[in-house]
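Enquirer: My file is input.cif. It has mmCIF, C-alpha atoms and all ligand atoms:
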```
data_protein
loop_
_atom_site.label_atom_id
_atom_site.label_comp_id
_atom_site.auth_asym_id
_atom_site.auth_seq_id
_atom_site.Cartn_x
_atom_site.Cartn_y
_atom_site.Cartn_z
CA MET U 1 55.90 -2.83 33.29
CA LYS U 2 57.99 -0.41 35.33
CA ASN U 3 55.63 0.49 38.07
CA LYS U 4 52.82 -1.86 39.00
CA SER U 5 51.02 0.80 40.99
CA ASN U 6 50.52 3.16 38.06
CA LYS U 7 46.91 4.15 37.42
CA PHE U 8 45.00 2.81 34.44
CA ALA U 9 45.36 5.81 32.12
CA THR U 10 49.12 5.66 32.67
CA LYS U 11 49.34 1.91 32.20
CA VAL U 12 47.58 1.93 28.83
CA ILE U 13 50.33 4.20 27.54
CA HIS U 14 53.39 2.90 29.37
CA ALA U 15 52.95 -0.76 30.38
CA GLY U 16 55.15 -2.98 28.24
CA GLY U 17 56.80 0.07 26.73
CA HIS U 18 60.45 1.04 26.67
CA PRO U 19 62.58 2.92 24.14
CA ASP U 20 64.09 0.65 21.49
CA LYS U 21 67.55 -0.39 22.71
CA GLU U 22 69.23 0.01 19.35
CA THR U 23 67.78 3.36 18.23
CA GLY U 24 65.93 4.96 21.14
CA ALA U 25 62.69 4.92 19.13
CA ILE U 26 59.92 5.73 21.60
CA MET U 27 57.35 3.64 19.75
CA PRO U 28 57.76 -0.13 19.55
CA PRO U 29 59.18 -1.41 16.28
CA ILE U 30 57.01 -3.79 14.27
CA PHE U 31 59.19 -6.87 14.40
CA GLN U 32 58.02 -8.10 11.03
CA THR U 33 60.11 -11.23 11.09
CA SER U 34 59.32 -14.92 11.05
CA THR U 35 62.61 -16.11 12.54
CA TYR U 36 65.54 -15.00 14.70
CA VAL U 37 69.28 -15.62 14.40
CA GLN U 38 70.81 -17.88 17.03
CA LYS U 39 74.37 -17.54 18.34
CA SER U 40 74.85 -21.24 18.67
CA PRO U 41 72.26 -24.03 18.27
CA GLY U 42 69.54 -23.38 20.87
CA LYS U 43 71.24 -20.20 22.12
CA HIS U 44 68.95 -17.26 21.39
CA GLN U 45 67.55 -14.14 23.04
CA GLY U 46 64.16 -15.59 23.92
CA TYR U 47 62.84 -15.53 20.37
CA GLU U 48 63.07 -18.42 17.92
CA TYR U 49 60.07 -18.23 15.61
CA THR U 50 57.16 -15.78 15.43
CA ARG U 51 54.44 -18.42 15.83
CA SER U 52 55.92 -19.00 19.29
CA HIS U 53 56.98 -15.48 20.30
CA ASN U 54 57.39 -12.06 18.76
CA PRO U 55 58.77 -8.95 20.51
CA THR U 56 55.96 -6.67 19.33
CA ARG U 57 53.40 -9.18 20.56
CA THR U 58 55.29 -9.54 23.85
CA ARG U 59 54.90 -5.82 24.47
CA LEU U 60 51.16 -6.05 23.88
CA GLU U 61 50.95 -9.04 26.22
CA GLU U 62 52.79 -7.13 28.94
CA ASN U 63 50.47 -4.18 28.49
CA LEU U 64 47.32 -6.32 28.64
CA ALA U 65 48.54 -8.24 31.68
CA ALA U 66 49.03 -4.93 33.49
CA LEU U 67 45.54 -3.69 32.56
CA GLU U 68 43.80 -6.81 33.84
CA GLU U 69 46.12 -7.06 36.88
CA ALA U 70 47.35 -10.44 35.65
CA LYS U 71 50.74 -12.10 35.64
CA TYR U 72 50.29 -13.68 32.22
CA ALA U 73 48.66 -12.66 28.98
CA LEU U 74 48.49 -14.48 25.69
CA VAL U 75 47.55 -12.68 22.48
CA THR U 76 45.99 -14.63 19.60
CA ALA U 77 44.76 -13.96 16.09
CA SER U 78 41.11 -13.52 17.15
CA GLY U 79 38.88 -13.70 20.19
CA LEU U 80 37.42 -16.99 19.01
CA SER U 81 40.81 -18.58 18.37
CA CYS U 82 41.77 -17.76 21.95
CA MET U 83 38.55 -19.36 23.19
CA SER U 84 39.22 -22.40 21.00
CA LEU U 85 42.63 -22.87 22.57
CA MET U 86 41.04 -22.68 26.00
CA MET U 87 38.55 -25.37 25.01
CA HIS U 88 41.39 -27.57 23.73
CA ALA U 89 43.12 -27.07 27.07
CA LEU U 90 40.31 -28.83 28.95
CA PRO U 91 40.39 -32.62 29.21
CA GLU U 92 38.10 -34.37 26.76
CA GLY U 93 34.61 -34.92 28.15
CA SER U 94 34.62 -31.82 30.34
CA THR U 95 31.39 -30.12 31.30
CA ILE U 96 31.25 -26.37 30.80
CA ILE U 97 28.53 -24.21 32.27
CA SER U 98 28.00 -21.21 30.05
CA GLY U 99 25.83 -18.16 30.22
CA ASP U 100 22.79 -18.59 27.96
CA ASP U 101 23.18 -15.17 26.34
CA VAL U 102 26.79 -15.30 25.15
CA TYR U 103 28.20 -13.78 21.98
CA GLY U 104 26.74 -15.60 18.95
CA GLY U 105 30.16 -16.78 17.76
CA THR U 106 30.98 -18.20 21.19
CA TYR U 107 27.66 -20.08 21.15
CA ARG U 108 28.45 -21.43 17.67
CA LEU U 109 31.96 -22.46 18.73
CA PHE U 110 30.62 -24.33 21.74
CA THR U 111 27.65 -25.98 20.03
CA THR U 112 29.06 -26.85 16.61
CA VAL U 113 32.83 -27.22 17.03
CA PHE U 114 33.51 -28.41 20.58
CA ASN U 115 30.15 -30.09 21.19
CA GLU U 116 31.64 -33.52 20.48
CA ARG U 117 34.64 -32.99 22.73
CA HIS U 118 32.83 -31.40 25.69
CA GLN U 119 29.40 -31.05 27.16
CA TYR U 120 27.89 -27.57 27.41
CA LYS U 121 25.06 -26.45 29.64
CA PHE U 122 23.64 -23.01 28.94
CA ILE U 123 22.06 -21.36 31.94
CA ASP U 124 20.97 -17.94 33.12
CA THR U 125 24.03 -16.97 35.16
CA THR U 126 22.21 -14.02 36.75
CA ASP U 127 20.39 -16.64 38.84
CA LEU U 128 22.81 -17.52 41.65
CA LYS U 129 20.72 -20.45 42.91
CA LEU U 130 20.74 -22.00 39.47
CA VAL U 131 24.47 -21.35 39.17
CA GLU U 132 25.16 -23.10 42.46
CA LYS U 133 22.97 -26.04 41.50
CA HIS U 134 25.14 -26.58 38.42
CA LEU U 135 28.43 -25.91 40.19
CA LYS U 136 27.60 -28.66 42.68
CA GLU U 137 27.92 -31.13 39.83
CA LYS U 138 31.58 -30.08 39.55
CA PRO U 139 31.88 -29.01 35.94
CA ALA U 140 35.38 -28.16 34.69
CA MET U 141 34.59 -24.54 33.99
CA ILE U 142 31.99 -21.81 34.24
CA TRP U 143 31.99 -19.33 31.37
CA LEU U 144 30.53 -15.92 32.05
CA GLU U 145 29.86 -13.00 29.82
CA THR U 146 28.77 -9.94 31.71
CA PRO U 147 27.12 -7.75 30.57
CA THR U 148 25.72 -10.19 28.02
CA ASN U 149 25.22 -9.61 24.38
CA PRO U 150 22.75 -8.28 23.36
CA LEU U 151 20.51 -8.28 26.45
CA LEU U 152 23.10 -6.69 28.77
CA LYS U 153 22.20 -8.99 31.64
CA ILE U 154 24.65 -8.75 34.52
CA SER U 155 26.04 -11.66 36.50
CA ASP U 156 27.57 -11.24 39.93
CA ILE U 157 31.22 -12.07 39.21
CA LYS U 158 32.37 -11.95 42.82
CA LYS U 159 29.61 -14.18 44.18
CA ILE U 160 29.91 -16.67 41.34
CA CYS U 161 33.69 -16.85 41.79
CA GLU U 162 33.22 -17.52 45.50
CA LEU U 163 30.80 -20.33 44.74
CA ALA U 164 33.06 -21.71 42.01
CA LYS U 165 36.04 -21.76 44.38
CA LYS U 166 33.97 -23.72 46.87
CA TYR U 167 33.34 -26.41 44.26
CA LYS U 168 36.81 -26.06 42.65
CA VAL U 169 35.47 -24.91 39.29
CA MET U 170 37.50 -22.65 37.02
CA THR U 171 35.84 -19.30 36.28
CA VAL U 172 36.29 -17.53 32.97
CA VAL U 173 34.92 -14.08 32.21
CA ASP U 174 34.62 -12.69 28.70
CA ASN U 175 35.32 -9.03 29.48
CA THR U 176 35.04 -7.71 25.93
CA PHE U 177 32.05 -5.43 26.58
CA MET U 178 33.44 -3.54 29.55
CA SER U 179 37.18 -3.65 28.78
CA PRO U 180 39.51 -3.61 31.79
CA TYR U 181 38.80 0.11 32.11
CA PHE U 182 35.36 -0.54 33.58
CA GLN U 183 35.68 -4.07 34.96
CA THR U 184 38.56 -6.25 36.20
CA PRO U 185 37.26 -9.80 36.73
CA LEU U 186 40.54 -11.21 38.11
CA VAL U 187 40.34 -8.70 40.95
CA LEU U 188 36.80 -9.95 41.61
CA GLY U 189 38.07 -13.53 41.86
CA ALA U 190 37.95 -14.95 38.33
CA ASP U 191 40.65 -17.37 37.18
CA VAL U 192 40.82 -16.26 33.56
CA VAL U 193 39.73 -13.21 31.57
CA VAL U 194 39.25 -13.43 27.85
CA HIS U 195 38.88 -10.62 25.32
CA SER U 196 38.12 -9.99 21.75
CA LEU U 197 40.76 -7.31 21.12
CA THR U 198 38.79 -6.53 17.98
CA LYS U 199 36.37 -4.45 20.03
CA TYR U 200 37.08 -1.74 22.62
CA ILE U 201 40.68 -2.66 23.36
CA ASN U 202 41.87 -1.93 19.84
CA GLY U 203 38.94 0.38 19.31
CA HIS U 204 39.52 1.40 15.71
CA SER U 205 37.81 -1.41 13.79
CA ASP U 206 40.99 -2.27 11.90
CA VAL U 207 42.19 -5.42 13.65
CA VAL U 208 40.82 -8.81 14.63
CA GLY U 209 42.50 -10.20 17.72
CA GLY U 210 42.03 -12.03 20.99
CA ALA U 211 43.69 -12.36 24.36
CA MET U 212 43.57 -14.30 27.57
CA MET U 213 44.91 -13.07 30.94
CA THR U 214 45.40 -15.13 34.07
CA ASN U 215 47.50 -15.62 37.19
CA ASP U 216 47.31 -19.39 36.76
CA LYS U 217 50.70 -20.35 35.36
CA LYS U 218 49.73 -23.95 34.65
CA PHE U 219 46.73 -22.95 32.57
CA TYR U 220 48.69 -20.22 30.79
CA ASP U 221 51.49 -22.66 29.91
CA LYS U 222 48.99 -25.16 28.59
CA VAL U 223 47.24 -22.60 26.41
CA TRP U 224 50.55 -21.17 25.19
CA THR U 225 51.72 -24.67 24.23
CA LEU U 226 48.47 -25.18 22.35
CA GLN U 227 48.86 -21.85 20.58
CA ASN U 228 52.38 -22.81 19.57
CA SER U 229 51.21 -26.22 18.38
CA ILE U 230 48.00 -25.19 16.65
CA GLY U 231 49.21 -21.83 15.37
CA PRO U 232 46.65 -19.00 15.76
CA SER U 233 49.24 -16.41 16.82
CA GLN U 234 48.67 -12.75 16.08
CA SER U 235 50.78 -11.06 13.40
CA PRO U 236 53.34 -8.47 14.59
CA PHE U 237 51.61 -5.74 12.62
CA ASP U 238 48.24 -6.45 14.23
CA SER U 239 49.84 -6.49 17.68
CA TRP U 240 51.39 -3.14 16.89
CA LEU U 241 48.04 -1.70 15.79
CA VAL U 242 46.42 -2.86 19.04
CA LEU U 243 49.29 -1.32 21.02
CA ARG U 244 48.61 1.91 19.19
CA GLY U 245 44.86 1.77 19.78
CA ILE U 246 45.10 0.79 23.42
CA LYS U 247 46.83 4.04 24.38
CA THR U 248 43.54 5.90 24.20
CA LEU U 249 41.43 3.19 25.86
CA ALA U 250 40.78 5.26 28.98
CA VAL U 251 39.65 8.40 27.17
CA ARG U 252 37.67 6.43 24.61
CA MET U 253 35.78 4.44 27.25
CA GLU U 254 34.87 7.66 29.08
CA GLN U 255 33.45 9.18 25.93
CA HIS U 256 31.64 5.96 24.85
CA GLN U 257 29.94 5.90 28.21
CA LYS U 258 29.10 9.60 28.27
CA ASN U 259 27.44 9.37 24.86
CA ALA U 260 25.73 6.05 25.64
CA LEU U 261 24.20 7.29 28.88
CA LYS U 262 22.82 10.39 27.20
CA ILE U 263 21.39 8.38 24.29
CA ALA U 264 19.93 5.70 26.56
CA LYS U 265 18.07 8.35 28.58
CA TRP U 266 16.88 10.02 25.40
CA LEU U 267 15.64 6.74 23.91
CA GLU U 268 13.81 5.89 27.12
CA GLU U 269 11.65 9.02 26.63
CA HIS U 270 10.99 8.37 22.93
CA LYS U 271 7.46 7.41 21.93
CA LYS U 272 8.62 5.07 19.14
CA VAL U 273 10.66 3.03 21.61
CA ASP U 274 9.18 0.22 23.70
CA LYS U 275 12.04 -0.44 26.09
CA VAL U 276 15.70 0.46 26.59
CA ILE U 277 18.32 -1.74 28.21
CA TYR U 278 21.46 -0.01 29.48
CA PRO U 279 23.21 -0.91 32.76
CA GLY U 280 23.56 2.79 33.61
CA LEU U 281 19.80 3.36 33.65
CA LYS U 282 17.93 3.09 36.93
CA SER U 283 15.37 0.99 35.05
CA HIS U 284 17.97 -1.74 34.41
CA PRO U 285 17.00 -4.68 36.65
CA GLN U 286 20.60 -5.05 37.85
CA HIS U 287 21.59 -1.41 37.98
CA LYS U 288 22.77 -1.78 41.58
CA LEU U 289 24.97 -4.77 40.83
CA ALA U 290 26.33 -2.96 37.77
CA LYS U 291 27.33 -0.02 39.97
CA LYS U 292 28.99 -2.38 42.41
CA GLN U 293 31.15 -4.49 40.10
CA MET U 294 31.77 -2.08 37.24
CA SER U 295 33.28 1.38 37.44
CA GLY U 296 31.21 2.47 34.44
CA PHE U 297 28.49 1.17 32.15
CA GLY U 298 30.12 1.03 28.73
CA GLY U 299 28.94 2.04 25.29
CA MET U 300 26.44 -0.67 24.36
CA ILE U 301 22.69 -0.03 24.32
CA THR U 302 19.91 -2.42 23.42
CA PHE U 303 16.42 -1.17 22.68
CA PHE U 304 13.15 -2.40 21.28
CA VAL U 305 11.57 -0.28 18.61
CA LYS U 306 7.74 -0.23 18.59
CA GLY U 307 6.49 -2.76 16.04
CA GLY U 308 8.28 -5.69 14.44
CA LEU U 309 10.66 -6.59 11.65
CA LYS U 310 9.15 -4.04 9.24
CA GLU U 311 9.68 -1.10 11.61
CA SER U 312 13.17 -2.29 12.57
CA ARG U 313 14.16 -2.62 8.93
CA LYS U 314 12.95 0.91 8.15
CA PHE U 315 14.93 2.26 11.11
CA LEU U 316 18.08 0.36 10.13
CA GLU U 317 17.84 1.52 6.53
CA THR U 318 17.43 5.15 7.55
CA VAL U 319 20.23 5.69 10.07
CA LYS U 320 23.30 7.27 8.49
CA LEU U 321 25.89 8.01 11.16
CA PHE U 322 25.18 4.69 12.84
CA ALA U 323 26.60 2.26 10.30
CA LEU U 324 24.70 -0.98 9.90
CA ALA U 325 27.43 -3.50 10.67
CA GLU U 326 28.39 -6.38 12.92
CA SER U 327 31.04 -5.83 15.57
CA LEU U 328 31.24 -3.12 18.22
CA GLY U 329 33.59 -1.08 20.33
CA GLY U 330 35.10 1.11 17.64
CA VAL U 331 35.32 4.90 17.69
CA GLU U 332 32.51 5.04 15.13
CA SER U 333 28.90 4.26 16.01
CA LEU U 334 27.44 1.01 14.74
CA VAL U 335 23.97 -0.47 14.75
CA ASP U 336 23.19 -4.17 14.63
CA HIS U 337 20.08 -6.27 14.23
CA PRO U 338 21.00 -9.38 16.26
CA ALA U 339 18.12 -11.58 15.04
CA ILE U 340 19.29 -11.31 11.41
CA MET U 341 22.98 -10.45 11.87
CA THR U 342 25.19 -11.32 14.86
CA HIS U 343 22.90 -13.86 16.52
CA ALA U 344 21.46 -15.55 13.43
CA SER U 345 23.41 -18.72 14.32
CA ILE U 346 21.17 -19.14 17.38
CA PRO U 347 17.92 -20.96 16.45
CA LYS U 348 14.90 -18.61 16.35
CA LYS U 349 13.06 -20.51 19.10
CA ILE U 350 16.00 -20.23 21.52
CA ARG U 351 16.58 -16.62 20.48
CA GLU U 352 13.03 -15.67 21.35
CA GLU U 353 13.12 -17.58 24.62
CA LEU U 354 16.10 -15.42 25.51
CA GLY U 355 14.28 -12.25 24.49
CA ILE U 356 16.05 -11.54 21.19
CA PHE U 357 13.00 -10.51 19.18
CA ASP U 358 12.79 -9.01 15.69
CA ASN U 359 12.32 -5.48 17.08
CA LEU U 360 15.52 -5.64 19.14
CA ILE U 361 18.22 -3.22 18.03
CA ARG U 362 21.75 -3.05 19.41
CA LEU U 363 23.77 0.15 19.34
CA SER U 364 27.51 0.39 19.74
CA VAL U 365 27.73 4.06 20.59
CA GLY U 366 30.89 5.67 19.24
CA ILE U 367 32.73 8.77 20.36
CA GLU U 368 31.30 11.21 17.83
CA ASP U 369 29.45 14.36 18.92
CA CYS U 370 26.42 13.09 20.80
CA ASP U 371 24.00 15.68 19.37
CA ASP U 372 24.76 14.43 15.85
CA LEU U 373 24.14 10.86 16.95
CA ILE U 374 20.80 11.76 18.54
CA GLU U 375 19.72 13.68 15.44
CA ASP U 376 20.51 10.60 13.34
CA LEU U 377 18.48 8.34 15.62
CA GLU U 378 15.60 10.84 15.72
CA LYS U 379 15.31 10.87 11.93
CA ALA U 380 15.36 7.10 11.72
CA LEU U 381 12.82 6.62 14.51
CA THR U 382 10.46 9.08 12.80
CA LYS U 383 10.57 6.89 9.68
CA ALA U 384 10.17 3.62 11.58
C1 LIG T 1 33.50 -10.27 19.09
C2 LIG T 1 33.35 -11.02 20.32
C3 LIG T 1 33.96 -12.26 20.47
C4 LIG T 1 34.75 -12.93 19.37
O1 LIG T 1 35.92 -12.29 19.06
P1 LIG T 1 36.58 -12.21 17.59
O2 LIG T 1 37.71 -11.31 17.78
O3 LIG T 1 35.52 -11.70 16.66
O4 LIG T 1 36.98 -13.61 17.24
C5 LIG T 1 33.80 -12.90 21.69
N1 LIG T 1 33.08 -12.36 22.70
C6 LIG T 1 32.48 -11.17 22.58
C7 LIG T 1 31.72 -10.62 23.72
C8 LIG T 1 32.59 -10.46 21.40
O5 LIG T 1 31.96 -9.29 21.28
#
```
Once you've parsed the file, please lay out its structure as structure tokens.

Expert:
Amino acid sequence: MKNKSNKFATKVIHAGGHPDKETGAIMPPIFQTSTYVQKSPGKHQGYEYTRSHNPTRTRLEENLAALEEAKYALVTASGLSCMSLMMHALPEGSTIISGDDVYGGTYRLFTTVFNERHQYKFIDTTDLKLVEKHLKEKPAMIWLETPTNPLLKISDIKKICELAKKYKVMTVVDNTFMSPYFQTPLVLGADVVVHSLTKYINGHSDVVGGAMMTNDKKFYDKVWTLQNSIGPSQSPFDSWLVLRGIKTLAVRMEQHQKNALKIAKWLEEHKKVDKVIYPGLKSHPQHKLAKKQMSGFGGMITFFVKGGLKESRKFLETVKLFALAESLGGVESLVDHPAIMTHASIPKKIREELGIFDNLIRLSVGIEDCDDLIEDLEKALTKA
């Protein structure tokens, strides 16, 4: 991290980078090693064992810390393992306020793994009055995902952080959907940012990984100690792949957004489509807030096809360029049916209360030529 004032597109390429001391190699070596030689017992160069530290992973952590304007970053084997460590870091019996429209896997983690250790309350975090009502009860943490998945609801990070500070509640933002290119929660007042590196940050659908960034040394140390004790550290090769992918984060995010905005507008005019949700559309109920706290709107679109499960199925079976798959944020376009796929772990009744109906389709718009993507969608909508 040579120069803290570098702009984002420079940081993605240079933060954490330096030529290899031994050879001058411009790209970081993959330190594919489990252990490190010590000069004398306990005398080493900062690396003892790869579960604890690895030089390739360190470079990725330095890069990610710079992107989220954080002092500390911790990289783990998956987004969910990072979240698990954070849950272990809270004292037993903690109350956590969580957005009610969080990633399906996060919901499952909270309700089926940590539900005996902690107490979770799922609320609509777009409602500031409701948020304050719950913060008054002094929970340990408030967990925000904004925009949410798949309804792309937007919570006011700055206002919620102000309220949370008033009641001394730790704020966590899952920033996976926007990536630090479009949104930097720590700058808006959050205590911790968490990411699934699997998505936009790596961006090439070839790695699963997670990360946490913070300026809170005590919390970082606690989570690092837990990672070292429990063991979900990322492999050097995966860290290297993320370092490779991250270099193009700025240009990728620009293109994701350009394509997504064009497709969202096109879908909004389509007669086979009931409704489109995209933060960049004027019709989005929180478009103004989106413009205020994000510097762009991302590549995720949610829309409702006219009809029900039958029509959705026909559409999903017909698209070709949009691959029917879970996950998001890769260079290639994906389509997901949350009710059957990513959000199936949420009971149907709760799903429908949230608005995740059988005709809801989620697009992760890639960086292909937009005309090809629209042609693909047009064909599938005609069949639906
Ligand atoms: C994918 C995802 C996660 C989980 O991350 P993994 O890397 O799959 O473990 C958490 N939050 C959001 C918003 C995600 O999209």

Enquirer: Return as JSON the centre and edge lengths, in Å with one decimal, of the box along x, y and z that encloses every atom of range 107-124 of chain U in the file, padded by 8 Å per side.

Expert:
```
{"center_x": 27.8, "center_y": -25.7, "center_z": 24.9, "size_x": 29.7, "size_y": 31.6, "size_z": 32.5}
```

Enquirer: Report the closest atom pair, with its distance in Å rounded to one decimal, for each residue of chain U that has an atom no farther than 6 Å from ligand LIG 1 (chain T); count all atoms listed in the file, sort by chain and then rising residue number, and write it as a tab-separated table.

Expert:
```
residue	atom	partner	partner_atom	distance
U:Ser78	CA	T:LIG1	O2	4.1
U:Gly79	CA	T:LIG1	O1	3.5
U:Leu80	CA	T:LIG1	O4	3.8
U:Tyr103	CA	T:LIG1	C7	5.0
U:Thr176	CA	T:LIG1	C7	4.9
U:Phe177	CA	T:LIG1	C7	5.9
U:Ser196	CA	T:LIG1	O1	4.2
U:Thr198	CA	T:LIG1	O2	4.9
U:Val208	CA	T:LIG1	O2	5.1
U:Gly209	CA	T:LIG1	O2	4.9
U:Gly210	CA	T:LIG1	O2	5.4
```

Enquirer: The selected residues should be written to file as a CSV table (one decimal), keeping the file's coordinate frame (atoms: C-alpha atoms).

Expert:
```csv
chain,number,residue,atom,x,y,z
U,78,SER,CA,41.1,-13.5,17.2
U,79,GLY,CA,38.9,-13.7,20.2
U,80,LEU,CA,37.4,-17.0,19.0
U,103,TYR,CA,28.2,-13.8,22.0
U,176,THR,CA,35.0,-7.7,25.9
U,177,PHE,CA,32.0,-5.4,26.6
U,196,SER,CA,38.1,-10.0,21.8
U,198,THR,CA,38.8,-6.5,18.0
U,208,VAL,CA,40.8,-8.8,14.6
U,209,GLY,CA,42.5,-10.2,17.7
U,210,GLY,CA,42.0,-12.0,21.0
```

Enquirer: What does the distance from CA of Ser155 in chain U to CA of Thr126 in chain U come to in Å, to one decimal?

Expert: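 Pair CA of Ser155 in chain U / CA of Thr126 in chain U returns 4.5 Å.
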
Enquirer: Find the spatial neighbours of Gln257 in chain U, counting all atoms listed in the file, within a cut-off of 7 Å - ignore same-chain residues fewer than 6 positions away - and output them as a list in words.

Expert: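 Residues meeting the cut-off are Phe297, Gly298 and Gly299 of chain U.
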
Enquirer: So that I can check the surroundings of Trp143 in chain U, please list as a ChimeraX atom specification every protein, DNA and RNA residue that reaches within 8 Å of it, counting only C-alpha atoms and ignoring chain neighbours fewer than 3 positions away.

Expert: /U:96-99,171-174

Enquirer: With C-alpha atoms retained, could you export that selection as a JSON list (two decimals), in the coordinates of the input?

Expert:
```json
[["chain", "number", "residue", "atom", "x", "y", "z"],
["U", 96, "ILE", "CA", 31.25, -26.37, 30.80],
["U", 97, "ILE", "CA", 28.53, -24.21, 32.27],
["U", 98, "SER", "CA", 28.00, -21.21, 30.05],
["U", 99, "GLY", "CA", 25.83, -18.16, 30.22],
["U", 171, "THR", "CA", 35.84, -19.30, 36.28],
["U", 172, "VAL", "CA", 36.29, -17.53, 32.97],
["U", 173, "VAL", "CA", 34.92, -14.08, 32.21],
["U", 174, "ASP", "CA", 34.62, -12.69, 28.70]]
```

Enquirer: Within 8 Å of Asp124 in chain U, counting all atoms listed in the file, which residues qualify if same-chain residues fewer than 4 places away don't, as a PDB file with C-alpha atoms, in the frame of the given file?

Expert:
```
ATOM      1  CA  GLY U  99      25.830 -18.160  30.220  1.00  0.00           C
ATOM      2  CA  ASP U 100      22.790 -18.590  27.960  1.00  0.00           C
ATOM      3  CA  ASP U 101      23.180 -15.170  26.340  1.00  0.00           C
ATOM      4  CA  LEU U 130      20.740 -22.000  39.470  1.00  0.00           C
ATOM      5  CA  VAL U 131      24.470 -21.350  39.170  1.00  0.00           C
TER       6      VAL U 131
END
```

Enquirer: Near range 307-321 of chain U, within 10 Å and counting all atoms listed in the file, which residues show up once chain neighbours fewer than 3 positions away are dropped, as number ranges by chain?

Expert: U: 272-274, 304, 324, 332-337, 339-340, 357-361, 366, 368, 372-384

Enquirer: Return the single residue from U:Met212, U:Leu144, U:Ile230, U:Cys82 that is closest to Glu68 in chain U, with distances computed using only C-alpha atoms.

Expert: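 Ranked by minimum distance to Glu68 in chain U, first place goes to U:Met212.
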
Enquirer: Restricting the calculation to only C-alpha atoms, which member of U:Arg108, U:Lys7, U:His195, U:Lys282 is positioned closest to Thr214 in chain U?

Expert: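 Result for the nearest residue to Thr214 in chain U: U:His195.
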
Enquirer: Between U:Lys349, U:Arg362, U:Asp156, U:Met213, which one has atoms that come closest to Val276 in chain U, using all atoms listed in the file?

Expert: U:Arg362

Enquirer: Determine the nearest neighbour of Arg252 in chain U from the options U:Trp266, U:Gly355, U:Ser345, U:Val12, counting all atoms listed in the file.

Expert: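 Using all atoms listed in the file, Arg252 in chain U sits closest to U:Val12.
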
Enquirer: Give me, as an mmCIF file with C-alpha atoms, in the coordinates of the input, all polymer residues having an atom no more than 8 Å from range 53-66 of chain U, counting all atoms listed in the file and skipping those fewer than 6 positions away in the same chain.

Expert:
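Generated output (part23.cif):
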```cif
data_model
loop_
_atom_site.group_PDB
_atom_site.id
_atom_site.type_symbol
_atom_site.label_atom_id
_atom_site.label_comp_id
_atom_site.auth_asym_id
_atom_site.auth_seq_id
_atom_site.Cartn_x
_atom_site.Cartn_y
_atom_site.Cartn_z
ATOM 1 C CA MET U 1 55.900 -2.830 33.290
ATOM 2 C CA LYS U 4 52.820 -1.860 39.000
ATOM 3 C CA LYS U 11 49.340 1.910 32.200
ATOM 4 C CA VAL U 12 47.580 1.930 28.830
ATOM 5 C CA HIS U 14 53.390 2.900 29.370
ATOM 6 C CA ALA U 15 52.950 -0.760 30.380
ATOM 7 C CA GLY U 16 55.150 -2.980 28.240
ATOM 8 C CA GLY U 17 56.800 0.070 26.730
ATOM 9 C CA PRO U 28 57.760 -0.130 19.550
ATOM 10 C CA PRO U 29 59.180 -1.410 16.280
ATOM 11 C CA ILE U 30 57.010 -3.790 14.270
ATOM 12 C CA PHE U 31 59.190 -6.870 14.400
ATOM 13 C CA TYR U 47 62.840 -15.530 20.370
ATOM 14 C CA TYR U 72 50.290 -13.680 32.220
ATOM 15 C CA ALA U 73 48.660 -12.660 28.980
ATOM 16 C CA LEU U 74 48.490 -14.480 25.690
ATOM 17 C CA VAL U 75 47.550 -12.680 22.480
ATOM 18 C CA MET U 213 44.910 -13.070 30.940
ATOM 19 C CA THR U 214 45.400 -15.130 34.070
ATOM 20 C CA GLN U 234 48.670 -12.750 16.080
ATOM 21 C CA SER U 235 50.780 -11.060 13.400
ATOM 22 C CA PRO U 236 53.340 -8.470 14.590
ATOM 23 C CA SER U 239 49.840 -6.490 17.680
ATOM 24 C CA TRP U 240 51.390 -3.140 16.890
ATOM 25 C CA VAL U 242 46.420 -2.860 19.040
ATOM 26 C CA LEU U 243 49.290 -1.320 21.020
#
```

Enquirer: Please compute the CA of Lys265 in chain U-CA of Leu281 in chain U distance, one decimal, in Å.

Expert: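 Separating CA of Lys265 in chain U from CA of Leu281 in chain U is a distance of 7.3 Å.
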
Enquirer: Kindly give the distance, in Å, that separates CA of Ile356 in chain U and CA of Val194 in chain U, rounded to a single decimal.

Expert: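 We find that CA of Ile356 in chain U and CA of Val194 in chain U lie 24.2 Å from each other.
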
Enquirer: So which one's closest to Ser81 in chain U, U:Glu145, U:Lys262, U:Phe322, U:Gln227? Using all atoms listed in the file, please.

Expert: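 Distance minimum relative to Ser81 in chain U lands on U:Gln227.
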
Enquirer: For range 198-202 of chain U, supply N, CA and C atoms and report the output as a CSV table (one decimal), in the frame of the given file.

Expert:
```
chain,number,residue,atom,x,y,z
U,198,THR,N,39.4,-7.2,19.1
U,198,THR,CA,38.8,-6.5,18.0
U,198,THR,C,37.9,-5.4,18.4
U,199,LYS,N,37.4,-5.4,19.6
U,199,LYS,CA,36.4,-4.4,20.0
U,199,LYS,C,37.0,-3.2,20.7
U,200,TYR,N,36.6,-3.0,22.0
U,200,TYR,CA,37.1,-1.7,22.6
U,200,TYR,C,38.6,-1.6,22.8
U,201,ILE,N,39.3,-2.8,23.0
U,201,ILE,CA,40.7,-2.7,23.4
U,201,ILE,C,41.5,-2.1,22.2
U,202,ASN,N,41.2,-2.6,21.0
U,202,ASN,CA,41.9,-1.9,19.8
U,202,ASN,C,41.1,-0.7,19.5
```
